[in-house]
Amino acid sequence: MSSALMQNYGTRELKFERGEGSYLFTKDGARYLDFGMGIAVNSLGHCNPTLIEALTDQANRLWHTSNLYNIEPGEQLANKLVASTFADRVFFCNSGTEAIECGFKAIRRYFHSKGQSQKNRIVSMSGAFHGRSLAAIASAANPAHCEGFLVGDPGFDQAEFGDLESLLSVVTQSTAGIVIEPIQGEGGINVADIEYLKAARELCDSHNILLMFDEVQCGIARTGTLYAYQQLGVSPDILATAKGLGGGFPIGACLATEEVASALVAGTHGSTFGGNPLATAVGNAVMDTLNDPDFLNKVRELGTYFKNELQKLVKRYPLLLKEVRGLGLMLGLYCLTDAGQLIARLQEQKLLVVKAGRNSVRLLPALNVTKNEIDSAVKIISKALLDIENS
Ligand SMILES: Cc1ncc(COP(=O)(O)O)c(C=O)c1O
């Protein structure tokens, strides 16, 4: 049967019928080890029983009311996020893109509310990815994503990721905000240097600029702290989060300080579904599980183990692999061979991973992955590399 879907994702042959923990199963029973997890979304694996319980319990009581009414699980989740981060306020939405959009709007509205509307430009980084809305593509300025979509000057400037000189050269009196992914995901698992982030924070403080972190991919315990910034020693004024926060149920959130959030007064922003009871009930269950010192320690421990194992492969296959990058369970294998070819071979051997940047393989297992599952993945990667070397 031909597909009625728009062809923006191209054609996809592989399809799954069910999931359990780190595994996905096809209709005919083939089992795949999933180290992509819906691109860092299924933070607690597939069909996690705690999340199923939270979702079905909420589904049996109340699905949706709109933001015309107070939503109790949303209030609870916002309190949890505020209690564990720099933030004083939370806006809920349904995706990473929407969390970014709220952050960008907050930046502009903040200066507008202070009578400084001319301070309205936002600096983003080379290699960034902030989503697919017009503002998100304009900010990231990836030509492949922008072609045919943008008109006029959307108000963004670009600096080289991790390059302070470049940042200093694009900041002007009109700069209102700087947006950085502490670890770029789509860009190829690029970890921002701590000194660079500190300098960016100082620049923002001295030039009256708001610092926004996009932790849509690297947030929610992926790196072994609830948010990556918490181990990089620099706090933002605004933070976008999504993906793993719902463990597979769509949700996004924009976190901000009181100072910034106060600019978004009643009527300035909104969402029909944002903070919906189903999404926030699941979000609470995710937070209750992940935001626990033992759980976070385990992520760091497994991340270190996985990284060491991958580094052994880099040593064993120096002509095929350049290096391993990343933190916690957000790891990237920077390839010297064609990453696409390696990914195809891994898929043949029933390991699912995701491409990133120009030539990297992204490894984003469930955060409750086991050591045995990591060993299985390493074995499959090693075999695929050996096959490529011998071919
Ligand atoms: C860092 C980052 N920001 C924003 C987004 C956009 O999120 P969404 O696809 O949920 O709109 C993504 C998605 O991959 C992302 O990785």
# chains A, B, ... in the order shown; residues from 1 in each chain; ligands from 1

$ residues_near_ligand --ligand "ligand 1" --cutoff "9 Å" --atoms "only C-alpha atoms and all ligand atoms" --output "PyMOL selection string"
chain A and resi 39-41+94-100+128-133+136+180-181+183-187+214-218+240-243+250-252

$ write_last_selection --atoms "N, CA and C atoms" --output "short mmCIF file (atom, residue, chain, number, x, y, z; two decimals), in the first residue's frame"
data_model
loop_
_atom_site.label_atom_id
_atom_site.label_comp_id
_atom_site.auth_asym_id
_atom_site.auth_seq_id
_atom_site.Cartn_x
_atom_site.Cartn_y
_atom_site.Cartn_z
N ILE A 39 15.54 8.74 19.63
CA ILE A 39 16.43 9.91 19.70
C ILE A 39 16.36 10.55 21.09
N ALA A 40 16.83 9.78 22.06
CA ALA A 40 16.96 10.25 23.46
C ALA A 40 15.62 10.55 24.13
N VAL A 41 14.57 9.88 23.69
CA VAL A 41 13.24 10.16 24.25
C VAL A 41 12.82 9.14 25.31
N ASN A 94 4.73 21.03 24.18
CA ASN A 94 4.63 19.64 23.73
C ASN A 94 5.86 19.09 23.03
N SER A 95 6.87 19.90 22.87
CA SER A 95 8.05 19.45 22.11
C SER A 95 9.24 20.33 22.42
N GLY A 96 10.40 19.87 21.94
CA GLY A 96 11.61 20.66 22.11
C GLY A 96 11.52 21.99 21.37
N THR A 97 11.02 21.93 20.15
CA THR A 97 10.89 23.15 19.35
C THR A 97 10.07 24.21 20.07
N GLU A 98 8.98 23.76 20.67
CA GLU A 98 8.11 24.72 21.37
C GLU A 98 8.78 25.27 22.63
N ALA A 99 9.60 24.45 23.27
CA ALA A 99 10.33 24.94 24.45
C ALA A 99 11.33 26.01 24.03
N ILE A 100 11.97 25.78 22.86
CA ILE A 100 12.90 26.75 22.31
C ILE A 100 12.16 28.05 21.95
N ALA A 128 24.50 23.88 15.54
CA ALA A 128 23.37 23.76 16.48
C ALA A 128 22.15 23.13 15.81
N PHE A 129 21.30 22.57 16.64
CA PHE A 129 19.97 22.16 16.19
C PHE A 129 18.98 22.52 17.29
N HIS A 130 17.97 23.32 16.92
CA HIS A 130 16.99 23.73 17.92
C HIS A 130 15.57 23.37 17.52
N GLY A 131 15.40 22.57 16.46
CA GLY A 131 14.06 22.18 16.04
C GLY A 131 13.77 22.67 14.63
N ARG A 132 12.50 22.56 14.22
CA ARG A 132 12.15 22.80 12.80
C ARG A 132 11.15 23.93 12.59
N SER A 133 10.82 24.69 13.64
CA SER A 133 9.96 25.86 13.40
C SER A 133 10.78 26.91 12.67
N ALA A 136 13.38 28.31 14.97
CA ALA A 136 14.41 27.32 15.31
C ALA A 136 15.38 27.11 14.15
N ILE A 180 22.88 28.13 23.64
CA ILE A 180 23.93 27.11 23.48
C ILE A 180 23.37 25.75 23.90
N GLU A 181 23.70 24.72 23.13
CA GLU A 181 23.49 23.36 23.62
C GLU A 181 24.77 22.99 24.39
N ILE A 183 25.82 20.24 25.26
CA ILE A 183 26.35 19.16 24.43
C ILE A 183 25.49 19.12 23.17
N GLN A 184 26.11 19.40 22.04
CA GLN A 184 25.34 19.34 20.80
C GLN A 184 25.04 17.89 20.47
N GLY A 185 23.78 17.62 20.13
CA GLY A 185 23.37 16.26 19.79
C GLY A 185 23.44 16.03 18.29
N GLU A 186 22.51 16.70 17.56
CA GLU A 186 22.46 16.53 16.11
C GLU A 186 23.79 16.92 15.47
N GLY A 187 24.46 17.88 16.07
CA GLY A 187 25.73 18.39 15.53
C GLY A 187 26.87 17.41 15.64
N ASP A 214 19.97 25.01 25.55
CA ASP A 214 19.07 24.04 24.94
C ASP A 214 19.50 22.66 25.43
N GLU A 215 18.74 22.14 26.40
CA GLU A 215 19.04 20.81 26.94
C GLU A 215 17.95 19.82 26.53
N VAL A 216 17.38 20.07 25.35
CA VAL A 216 16.32 19.17 24.87
C VAL A 216 16.86 17.74 24.74
N GLN A 217 18.10 17.63 24.26
CA GLN A 217 18.66 16.29 24.07
C GLN A 217 19.55 15.86 25.24
N CYS A 218 20.34 16.79 25.78
CA CYS A 218 21.32 16.39 26.80
C CYS A 218 20.76 16.46 28.22
N ALA A 240 15.67 25.07 27.83
CA ALA A 240 14.64 24.31 27.10
C ALA A 240 14.86 22.83 27.35
N THR A 241 13.79 22.13 27.70
CA THR A 241 13.88 20.69 27.96
C THR A 241 12.68 20.01 27.30
N ALA A 242 12.84 18.74 26.93
CA ALA A 242 11.73 18.00 26.30
C ALA A 242 12.13 16.53 26.25
N LYS A 243 12.04 15.91 25.09
CA LYS A 243 12.45 14.53 24.85
C LYS A 243 12.26 13.61 26.07
N PRO A 250 4.69 12.91 24.59
CA PRO A 250 5.15 14.24 24.17
C PRO A 250 4.98 15.31 25.26
N ILE A 251 6.08 15.95 25.58
CA ILE A 251 6.06 17.08 26.52
C ILE A 251 7.33 17.90 26.32
N GLY A 252 7.22 19.18 26.53
CA GLY A 252 8.39 20.06 26.53
C GLY A 252 8.20 21.07 27.63
#

$ residues_around --residues "Asp88 in chain A" --least-positions-apart "5" --cutoff "6 Å" --atoms "only C-alpha atoms" --output "short mmCIF file (atom, residue, chain, number, x, y, z; two decimals) with N, CA and C atoms, in the first residue's frame"
data_model
loop_
_atom_site.label_atom_id
_atom_site.label_comp_id
_atom_site.auth_asym_id
_atom_site.auth_seq_id
_atom_site.Cartn_x
_atom_site.Cartn_y
_atom_site.Cartn_z
N VAL A 82 11.53 23.10 39.41
CA VAL A 82 12.06 24.30 40.08
C VAL A 82 12.93 23.90 41.28
N THR A 257 14.35 31.90 35.14
CA THR A 257 14.41 32.60 36.42
C THR A 257 13.16 33.47 36.56
N GLU A 258 12.87 33.88 37.78
CA GLU A 258 11.72 34.77 38.04
C GLU A 258 11.86 36.05 37.21
#

$ residues_around --residues "Ala261 in chain A" --least-positions-apart "2" --cutoff "10 Å" --atoms "only C-alpha atoms" --output "short mmCIF file (atom, residue, chain, number, x, y, z; two decimals) with N, CA and C atoms, in the first residue's frame"
data_model
loop_
_atom_site.label_atom_id
_atom_site.label_comp_id
_atom_site.auth_asym_id
_atom_site.auth_seq_id
_atom_site.Cartn_x
_atom_site.Cartn_y
_atom_site.Cartn_z
N ALA A 87 15.90 27.25 38.05
CA ALA A 87 14.69 27.96 37.60
C ALA A 87 13.73 28.29 38.73
N ASP A 88 12.94 29.35 38.50
CA ASP A 88 11.86 29.71 39.43
C ASP A 88 10.49 29.45 38.81
N ARG A 89 10.46 29.38 37.48
CA ARG A 89 9.17 29.24 36.78
C ARG A 89 9.30 28.28 35.60
N VAL A 90 8.17 27.66 35.24
CA VAL A 90 8.16 26.67 34.15
C VAL A 90 6.97 26.95 33.23
N PHE A 91 7.20 26.85 31.92
CA PHE A 91 6.10 26.86 30.95
C PHE A 91 6.09 25.51 30.26
N GLY A 103 11.50 30.08 24.90
CA GLY A 103 12.74 30.72 25.37
C GLY A 103 13.08 31.95 24.53
N ALA A 106 10.67 34.67 25.33
CA ALA A 106 10.96 35.23 26.66
C ALA A 106 12.12 36.23 26.57
N ILE A 107 13.15 35.87 25.78
CA ILE A 107 14.32 36.77 25.64
C ILE A 107 13.87 38.12 25.07
N ARG A 109 10.82 39.40 24.82
CA ARG A 109 9.81 40.09 25.63
C ARG A 109 10.42 40.71 26.89
N TYR A 110 11.46 40.07 27.39
CA TYR A 110 12.14 40.56 28.59
C TYR A 110 12.68 41.98 28.33
N ASP A 237 19.89 31.47 32.26
CA ASP A 237 18.70 32.22 32.70
C ASP A 237 17.44 31.52 32.22
N ILE A 238 17.62 30.74 31.14
CA ILE A 238 16.50 30.04 30.49
C ILE A 238 17.01 28.67 30.06
N CYS A 254 9.86 25.03 29.15
CA CYS A 254 10.84 26.11 29.17
C CYS A 254 10.97 26.56 30.62
N LEU A 255 12.19 26.48 31.14
CA LEU A 255 12.46 26.86 32.53
C LEU A 255 13.13 28.22 32.53
N ALA A 256 12.78 29.06 33.51
CA ALA A 256 13.39 30.40 33.54
C ALA A 256 13.47 30.93 34.96
N THR A 257 14.35 31.90 35.14
CA THR A 257 14.41 32.60 36.42
C THR A 257 13.16 33.47 36.56
N GLU A 258 12.87 33.88 37.78
CA GLU A 258 11.72 34.77 38.04
C GLU A 258 11.86 36.05 37.21
N GLU A 259 13.07 36.60 37.22
CA GLU A 259 13.36 37.86 36.50
C GLU A 259 12.93 37.78 35.03
N ALA A 263 8.48 38.60 32.52
CA ALA A 263 8.13 39.32 31.29
C ALA A 263 6.96 38.65 30.56
N LEU A 264 6.77 37.36 30.80
CA LEU A 264 5.67 36.65 30.11
C LEU A 264 4.40 36.73 30.97
N VAL A 265 3.82 37.93 30.98
CA VAL A 265 2.62 38.15 31.78
C VAL A 265 1.41 37.49 31.12
#

$ residues_around --residues "range 360-373 of chain A" --least-positions-apart "4" --cutoff "7 Å" --atoms "only C-alpha atoms" --output "PyMOL selection string"
chain A and resi 22+34-37+40+42-45+188+222+299+302+329-335+339+353-356+377

$ write_last_selection --atoms "N, CA and C atoms" --output "PDB file, in the first residue's frame"
ATOM      1  N   SER A  22      15.041  -2.258  26.868  1.00  0.00           N
ATOM      2  CA  SER A  22      15.986  -1.786  25.842  1.00  0.00           C
ATOM      3  C   SER A  22      15.714  -2.392  24.468  1.00  0.00           C
ATOM      4  N   ASP A  34      17.859  -1.434  21.232  1.00  0.00           N
ATOM      5  CA  ASP A  34      17.632  -0.042  20.849  1.00  0.00           C
ATOM      6  C   ASP A  34      18.557   0.901  21.628  1.00  0.00           C
ATOM      7  N   PHE A  35      19.601   1.388  20.936  1.00  0.00           N
ATOM      8  CA  PHE A  35      20.508   2.369  21.546  1.00  0.00           C
ATOM      9  C   PHE A  35      20.321   3.748  20.889  1.00  0.00           C
ATOM     10  N   GLY A  36      19.098   3.961  20.394  1.00  0.00           N
ATOM     11  CA  GLY A  36      18.732   5.276  19.870  1.00  0.00           C
ATOM     12  C   GLY A  36      17.613   5.852  20.736  1.00  0.00           C
ATOM     13  N   MET A  37      16.768   4.954  21.241  1.00  0.00           N
ATOM     14  CA  MET A  37      15.664   5.291  22.132  1.00  0.00           C
ATOM     15  C   MET A  37      14.855   6.500  21.649  1.00  0.00           C
ATOM     16  N   ALA A  40      16.826   9.778  22.060  1.00  0.00           N
ATOM     17  CA  ALA A  40      16.962  10.246  23.462  1.00  0.00           C
ATOM     18  C   ALA A  40      15.622  10.555  24.134  1.00  0.00           C
ATOM     19  N   ASN A  42      12.951   7.844  24.972  1.00  0.00           N
ATOM     20  CA  ASN A  42      12.479   6.811  25.907  1.00  0.00           C
ATOM     21  C   ASN A  42      13.506   6.647  27.034  1.00  0.00           C
ATOM     22  N   SER A  43      13.531   7.627  27.915  1.00  0.00           N
ATOM     23  CA  SER A  43      14.589   7.696  28.925  1.00  0.00           C
ATOM     24  C   SER A  43      14.580   6.485  29.855  1.00  0.00           C
ATOM     25  N   LEU A  44      13.411   5.877  30.052  1.00  0.00           N
ATOM     26  CA  LEU A  44      13.338   4.702  30.933  1.00  0.00           C
ATOM     27  C   LEU A  44      13.019   3.436  30.146  1.00  0.00           C
ATOM     28  N   GLY A  45      13.396   3.435  28.875  1.00  0.00           N
ATOM     29  CA  GLY A  45      13.186   2.264  28.032  1.00  0.00           C
ATOM     30  C   GLY A  45      11.752   2.198  27.527  1.00  0.00           C
ATOM     31  N   GLY A 188      26.687  16.306  16.378  1.00  0.00           N
ATOM     32  CA  GLY A 188      27.742  15.285  16.419  1.00  0.00           C
ATOM     33  C   GLY A 188      28.319  15.001  17.788  1.00  0.00           C
ATOM     34  N   ARG A 222      20.392  12.466  31.154  1.00  0.00           N
ATOM     35  CA  ARG A 222      21.130  11.782  30.069  1.00  0.00           C
ATOM     36  C   ARG A 222      22.642  11.758  30.352  1.00  0.00           C
ATOM     37  N   VAL A 299      23.848   6.186  36.153  1.00  0.00           N
ATOM     38  CA  VAL A 299      24.002   6.676  34.776  1.00  0.00           C
ATOM     39  C   VAL A 299      25.457   7.072  34.529  1.00  0.00           C
ATOM     40  N   LEU A 302      27.627   3.809  34.446  1.00  0.00           N
ATOM     41  CA  LEU A 302      27.463   3.057  33.188  1.00  0.00           C
ATOM     42  C   LEU A 302      28.020   3.837  32.003  1.00  0.00           C
ATOM     43  N   LEU A 329      25.404   8.876  29.351  1.00  0.00           N
ATOM     44  CA  LEU A 329      24.891   7.967  28.321  1.00  0.00           C
ATOM     45  C   LEU A 329      24.483   8.728  27.055  1.00  0.00           C
ATOM     46  N   MET A 330      25.226   9.787  26.787  1.00  0.00           N
ATOM     47  CA  MET A 330      25.076  10.528  25.521  1.00  0.00           C
ATOM     48  C   MET A 330      26.451  10.483  24.856  1.00  0.00           C
ATOM     49  N   LEU A 331      26.676   9.440  24.070  1.00  0.00           N
ATOM     50  CA  LEU A 331      28.014   9.209  23.531  1.00  0.00           C
ATOM     51  C   LEU A 331      27.993   9.204  22.005  1.00  0.00           C
ATOM     52  N   GLY A 332      29.097   9.624  21.428  1.00  0.00           N
ATOM     53  CA  GLY A 332      29.214   9.650  19.971  1.00  0.00           C
ATOM     54  C   GLY A 332      30.520   9.016  19.549  1.00  0.00           C
ATOM     55  N   LEU A 333      30.430   8.172  18.535  1.00  0.00           N
ATOM     56  CA  LEU A 333      31.631   7.569  17.945  1.00  0.00           C
ATOM     57  C   LEU A 333      31.935   8.352  16.689  1.00  0.00           C
ATOM     58  N   TYR A 334      33.030   9.094  16.720  1.00  0.00           N
ATOM     59  CA  TYR A 334      33.397   9.882  15.551  1.00  0.00           C
ATOM     60  C   TYR A 334      34.139   8.961  14.591  1.00  0.00           C
ATOM     61  N   CYS A 335      33.564   8.770  13.403  1.00  0.00           N
ATOM     62  CA  CYS A 335      34.074   7.742  12.480  1.00  0.00           C
ATOM     63  C   CYS A 335      35.021   8.304  11.429  1.00  0.00           C
ATOM     64  N   ALA A 339      30.026   6.688   8.477  1.00  0.00           N
ATOM     65  CA  ALA A 339      29.154   6.382   9.625  1.00  0.00           C
ATOM     66  C   ALA A 339      27.854   5.721   9.151  1.00  0.00           C
ATOM     67  N   VAL A 353      21.043   2.548  16.300  1.00  0.00           N
ATOM     68  CA  VAL A 353      21.739   3.748  16.759  1.00  0.00           C
ATOM     69  C   VAL A 353      21.311   4.896  15.836  1.00  0.00           C
ATOM     70  N   VAL A 354      21.839   6.097  16.077  1.00  0.00           N
ATOM     71  CA  VAL A 354      21.413   7.252  15.289  1.00  0.00           C
ATOM     72  C   VAL A 354      22.638   7.982  14.749  1.00  0.00           C
ATOM     73  N   LYS A 355      22.528   8.481  13.530  1.00  0.00           N
ATOM     74  CA  LYS A 355      23.641   9.252  12.962  1.00  0.00           C
ATOM     75  C   LYS A 355      23.628  10.661  13.565  1.00  0.00           C
ATOM     76  N   ALA A 356      24.781  11.273  13.651  1.00  0.00           N
ATOM     77  CA  ALA A 356      24.854  12.662  14.122  1.00  0.00           C
ATOM     78  C   ALA A 356      25.974  13.378  13.408  1.00  0.00           C
ATOM     79  N   ALA A 377      25.884  -4.445  23.021  1.00  0.00           N
ATOM     80  CA  ALA A 377      26.028  -3.405  21.990  1.00  0.00           C
ATOM     81  C   ALA A 377      27.487  -3.298  21.551  1.00  0.00           C
TER      82      ALA A 377
END

$ residues_around --residues "Lys114 in chain A" --least-positions-apart "2" --cutoff "12 Å" --atoms "only C-alpha atoms" --output "list of chain:residue names"
A:Ile107, A:Arg108, A:Arg109, A:Tyr110, A:Phe111, A:His112, A:Gln116, A:Ser117, A:Gln118, A:Lys119, A:Asn120, A:Ala176, A:Asn208, A:Glu259, A:Val260, A:Ser262, A:Ala263

$ residues_around --residues "Val170 in chain A" --least-positions-apart "3" --cutoff "9 Å" --atoms "only C-alpha atoms" --output "list in words"
Val123, Asp157, Gln158, Ala159, Glu165, Ser166, Leu167 and Thr175 of chain A

$ select_by_dssp --residues "range 111-262 of chain A" --states "helix (DSSP H, G or I)" --output "NGL selection string"
:A and (111-113 or 134-140 or 143-146 or 164-170 or 194-206 or 228-231 or 243-246 or 258-261)

$ write_last_selection --atoms "N, CA and C atoms" --output "compact mmCIF listing (two decimals), in the first residue's frame"
# COMPACT_ATOMS: atom_id res chain seq x y z
N PHE A 111 13.38 42.14 27.21
CA PHE A 111 13.95 43.46 26.93
C PHE A 111 12.87 44.44 26.50
N HIS A 112 11.86 43.93 25.79
CA HIS A 112 10.72 44.78 25.41
C HIS A 112 10.07 45.37 26.66
N SER A 113 9.88 44.51 27.67
CA SER A 113 9.20 44.96 28.90
C SER A 113 10.05 45.98 29.67
N LEU A 134 10.12 27.97 12.19
CA LEU A 134 10.86 29.00 11.45
C LEU A 134 11.93 29.64 12.33
N ALA A 135 11.59 29.93 13.59
CA ALA A 135 12.59 30.55 14.48
C ALA A 135 13.72 29.57 14.75
N ALA A 136 13.38 28.31 14.97
CA ALA A 136 14.41 27.32 15.31
C ALA A 136 15.38 27.11 14.15
N ILE A 137 14.86 27.03 12.93
CA ILE A 137 15.78 26.82 11.80
C ILE A 137 16.58 28.09 11.52
N ALA A 138 15.93 29.24 11.71
CA ALA A 138 16.65 30.50 11.49
C ALA A 138 17.80 30.62 12.47
N SER A 139 17.58 30.21 13.71
CA SER A 139 18.64 30.34 14.71
C SER A 139 19.79 29.40 14.41
N ALA A 140 19.50 28.16 14.09
CA ALA A 140 20.57 27.17 13.88
C ALA A 140 21.26 27.37 12.53
N PRO A 143 21.95 25.32 6.40
CA PRO A 143 21.40 25.61 5.06
C PRO A 143 20.42 24.54 4.58
N ALA A 144 20.69 23.28 4.92
CA ALA A 144 19.81 22.19 4.46
C ALA A 144 18.42 22.32 5.08
N HIS A 145 18.33 22.89 6.25
CA HIS A 145 17.04 23.03 6.92
C HIS A 145 16.33 24.34 6.54
N CYS A 146 17.13 25.34 6.12
CA CYS A 146 16.56 26.68 5.89
C CYS A 146 16.08 26.90 4.46
N LEU A 164 35.34 31.39 21.81
CA LEU A 164 35.02 32.63 22.51
C LEU A 164 35.27 33.86 21.63
N GLU A 165 36.36 33.85 20.89
CA GLU A 165 36.68 34.98 20.00
C GLU A 165 35.53 35.21 19.03
N SER A 166 35.03 34.12 18.48
CA SER A 166 33.94 34.20 17.51
C SER A 166 32.69 34.78 18.19
N LEU A 167 32.44 34.34 19.42
CA LEU A 167 31.26 34.83 20.15
C LEU A 167 31.40 36.33 20.39
N LEU A 168 32.59 36.74 20.84
CA LEU A 168 32.82 38.16 21.10
C LEU A 168 32.64 38.99 19.84
N SER A 169 32.99 38.40 18.70
CA SER A 169 32.93 39.17 17.45
C SER A 169 31.50 39.35 16.94
N VAL A 170 30.56 38.51 17.36
CA VAL A 170 29.18 38.69 16.85
C VAL A 170 28.27 39.41 17.84
N ILE A 194 34.12 23.72 29.63
CA ILE A 194 33.65 24.42 30.84
C ILE A 194 34.13 25.88 30.85
N GLU A 195 35.37 26.10 30.49
CA GLU A 195 35.92 27.46 30.49
C GLU A 195 35.18 28.34 29.49
N TYR A 196 34.83 27.75 28.36
CA TYR A 196 34.09 28.50 27.33
C TYR A 196 32.70 28.91 27.87
N LEU A 197 32.04 27.95 28.53
CA LEU A 197 30.70 28.26 29.06
C LEU A 197 30.79 29.32 30.15
N LYS A 198 31.82 29.24 30.97
CA LYS A 198 32.00 30.26 32.02
C LYS A 198 32.21 31.64 31.40
N ALA A 199 33.03 31.67 30.34
CA ALA A 199 33.29 32.94 29.67
C ALA A 199 32.01 33.48 29.03
N ALA A 200 31.19 32.57 28.47
CA ALA A 200 29.93 33.00 27.86
C ALA A 200 29.01 33.59 28.94
N ARG A 201 28.99 32.95 30.09
CA ARG A 201 28.17 33.46 31.21
C ARG A 201 28.64 34.86 31.63
N GLU A 202 29.96 35.01 31.74
CA GLU A 202 30.52 36.32 32.13
C GLU A 202 30.20 37.39 31.10
N LEU A 203 30.29 37.00 29.84
CA LEU A 203 29.96 37.93 28.75
C LEU A 203 28.50 38.37 28.87
N CYS A 204 27.63 37.41 29.11
CA CYS A 204 26.20 37.73 29.26
C CYS A 204 25.99 38.68 30.44
N ASP A 205 26.65 38.41 31.56
CA ASP A 205 26.47 39.25 32.74
C ASP A 205 26.98 40.67 32.50
N SER A 206 28.12 40.76 31.84
CA SER A 206 28.70 42.10 31.68
C SER A 206 28.02 42.89 30.56
N ALA A 228 22.68 18.82 32.17
CA ALA A 228 24.13 18.80 31.92
C ALA A 228 24.81 20.01 32.55
N TYR A 229 24.12 21.18 32.54
CA TYR A 229 24.76 22.39 33.07
C TYR A 229 25.20 22.20 34.52
N GLN A 230 24.52 21.28 35.23
CA GLN A 230 24.81 21.10 36.65
C GLN A 230 26.18 20.46 36.89
N GLN A 231 26.77 19.87 35.86
CA GLN A 231 28.15 19.39 36.03
C GLN A 231 29.13 20.23 35.23
N LYS A 243 12.04 15.91 25.09
CA LYS A 243 12.45 14.53 24.85
C LYS A 243 12.26 13.61 26.07
N GLY A 244 13.35 13.31 26.81
CA GLY A 244 13.30 12.33 27.89
C GLY A 244 12.36 12.68 29.03
N LEU A 245 11.95 13.93 29.12
CA LEU A 245 11.06 14.36 30.22
C LEU A 245 9.74 13.59 30.22
N GLY A 246 9.28 13.19 29.04
CA GLY A 246 8.03 12.43 28.97
C GLY A 246 8.26 10.95 28.76
N GLU A 258 12.87 33.88 37.78
CA GLU A 258 11.72 34.77 38.04
C GLU A 258 11.86 36.05 37.21
N GLU A 259 13.07 36.60 37.22
CA GLU A 259 13.36 37.86 36.50
C GLU A 259 12.93 37.78 35.03
N VAL A 260 13.29 36.68 34.37
CA VAL A 260 12.95 36.52 32.95
C VAL A 260 11.47 36.18 32.80
N ALA A 261 11.02 35.23 33.61
CA ALA A 261 9.63 34.74 33.47
C ALA A 261 8.62 35.86 33.72

$ atom_distance --atom1 "CA of Thr337 in chain A" --atom2 "CA of Leu320 in chain A"
4.8 Å

$ closest_residue --among "A:Val282, A:Val314, A:Val324, A:Ile178" --to "Thr50 in chain A" --atoms "only C-alpha atoms"
A:Val282
